[in-house]
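Report on the structure given below.
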Amino acid sequence: MNKIHLGAVSDFNDGEAKGFDINNVGADTFFVVRKGNEMFAYVDICPHYNDTSLPWKRHMYLDNQSQHIVCAAHGALFDIEDGYCLQGPCLGQTLRKVPIEVSADNDIWIRLTTIEEFNL
Amino acid sequence: MNIIGPDKLIFGVDDVEACRQFARDYGLAEQGEHSFVALDGTGIEVRSRDDESLPAALASGSMLRKTVYGVADQATLDQIKAELETDRDVKVLEDGSIELLDDLGFVLGFQVTVRKAVDLAAERVNSVAQCNRGINHVGVSKDHKPSIQTLSHVVYFVPDPVKAEAFYEKRLGFVTTDRFTGVGPFMRPAGTQDHHTLFFIGTPPHMQGCEHFTFHLSGPTDVMQAGTNMVNKGYQSFWGPGRHLFGSNWFWYFKSPFGCNMEFDADMDQHDDSWTGREAMMGPDNSQAFLLQYREKWAPAGGPPPKA
């Protein structure tokens, strides 16, 4: 097996995000967001300092209306679909997008090579 | 001017219930529908960002909508009003407080302070020569609940720290205690000896807003216990625990739903007008004497494991 199962699309409500700690380092290293029927994944590091994670509590990556990804440290807002920072300290920068795959039967997978490449 | 320090920070937030729960878990007491207060009555006000009673938001989207300073008496309030209405609009609100914009566009309020005289004792530490805590008084327990004593300071991201410093110094009588070169000053108003109630960090204009705010606790043990309580409730540490160099305050910062970090601090240096300010480059080496990292409780136990 060259990839890891992250769950099913149906495990996420529309407008829900979840963090993942695949290597059990004690903190989530990336997160997956569902928007409609599309899934997006990003490294859990805010480009403001490139050294700190986004949420104030586990899985709290989105604003109250699930319109944007939020960094809780200083309130940066990011577009869910491309990770572009629309407001906040890192305006104009982007979250690092993580490639994931959604199979025909709506399972979500990440490749081992991606985990290694992104140090997740 | 006898300004004592921040009495209240007013926020217009995205997720009111998350912020209310965060404030409770931080250790503040609920007071009325919107306020959360420390032991002495200083605190924060949490409202929805579309609450029409709030002053307008900064263009940056910062959730901090107003900083309210406590002053010693009505005479000080009158003095501030007289000073600032020479070049800007100063509103007198129904509660008798005044409201105005500083030179950077932050909304400020001034009121006769709400600070109550309560027991804000410092943590007591024994040493070889001094038994400060008293005989048979234990220093720590698992059941101890840290007390949030008073609103300590607020830190602003500002596009022009020189202009900001000039306003608070020349118009409000704040004193610069120390400075990070090219970044900004630590300032205290005349009515307190705390190293700072205000610190500016120079940034691009789109960042203007609140970097963090914090309350004083009784000492480092309470900072550690309060922070540990937050971690155990699932909140995520941003920086700390550790001890700053400028101000000597112990710190532990947490990310928050207020769109800024919320810190616990304790044991800040006290200064008077004889203090000579210092200056240093901002960076890891000058920002803290040491920085620790939380880990789950663990203990060494007994000898090596039995041989298989």
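Residues in the structure tokens are numbered from 1 in each chain, the chains being A, B, ... in the order shown, and ligands are numbered from 1 in the order shown.
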
Practice item. Do a neighbour search on Phe31 (chain A) at 9 Å with only C-alpha atoms, toss out local chain neighbours closer than 4 positions, and write the hits as a list in words. Key: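 Near neighbours after the sequence-gap exclusion: Ala17, Lys18, Gly19, Phe20, Asp21, Phe40, Ala41, Tyr42, Val43, Asp44, His59, Tyr61 and Val98 of chain A.
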
Enumerate, in order of chain and increasing residue number, the residues of chain A with an atom no farther than 8 Å from chain B, each with its shortest atom pair and distance in Å to one decimal, counting only C-alpha atoms, as CSV.
residue,atom,partner,partner_atom,distance
A:Thr52,CA,B:Phe238,CA,7.1
A:Pro55,CA,B:Lys255,CA,7.1
A:Trp56,CA,B:Lys255,CA,4.7
A:Lys57,CA,B:Tyr235,CA,4.7
A:Arg58,CA,B:Gly234,CA,6.7
A:Asp63,CA,B:Asp14,CA,7.1
A:Asn64,CA,B:Asp15,CA,5.6
A:Cys71,CA,B:Gly259,CA,7.8
A:Ala72,CA,B:Gly259,CA,5.3
A:Ala73,CA,B:Lys255,CA,4.8
A:His74,CA,B:Cys260,CA,4.3
A:Gly75,CA,B:Gly259,CA,4.0
A:Ala76,CA,B:Gly259,CA,7.8
A:Gln87,CA,B:Ser60,CA,7.1
A:Gly88,CA,B:Met207,CA,5.8
A:Pro89,CA,B:Met207,CA,5.2
A:Leu91,CA,B:His206,CA,7.8

**Study point:** Ala8 (chain A) surroundings by only C-alpha atoms, 10 Å radius, close-in-sequence under 2 positions cut, as a PyMOL selection string
**Key:** chain A and resi 5-6+10-12+102-103+105-109

Review point. Smallest atom-to-atom distance to Pro161 (chain B): which of B:Phe200, B:Phe180, B:Phe290, B:Phe11, using only C-alpha atoms?
Key: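 For Pro161 (chain B), the nearest of the given residues is B:Phe200.
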
Review point. Quick one: distance from CA of Thr67 (chain B) to CA of Thr181 (chain B) in Å, one decimal?
Key: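 Taking CA of Thr67 (chain B) as the start and CA of Thr181 (chain B) as the end point, the length is 25.5 Å.
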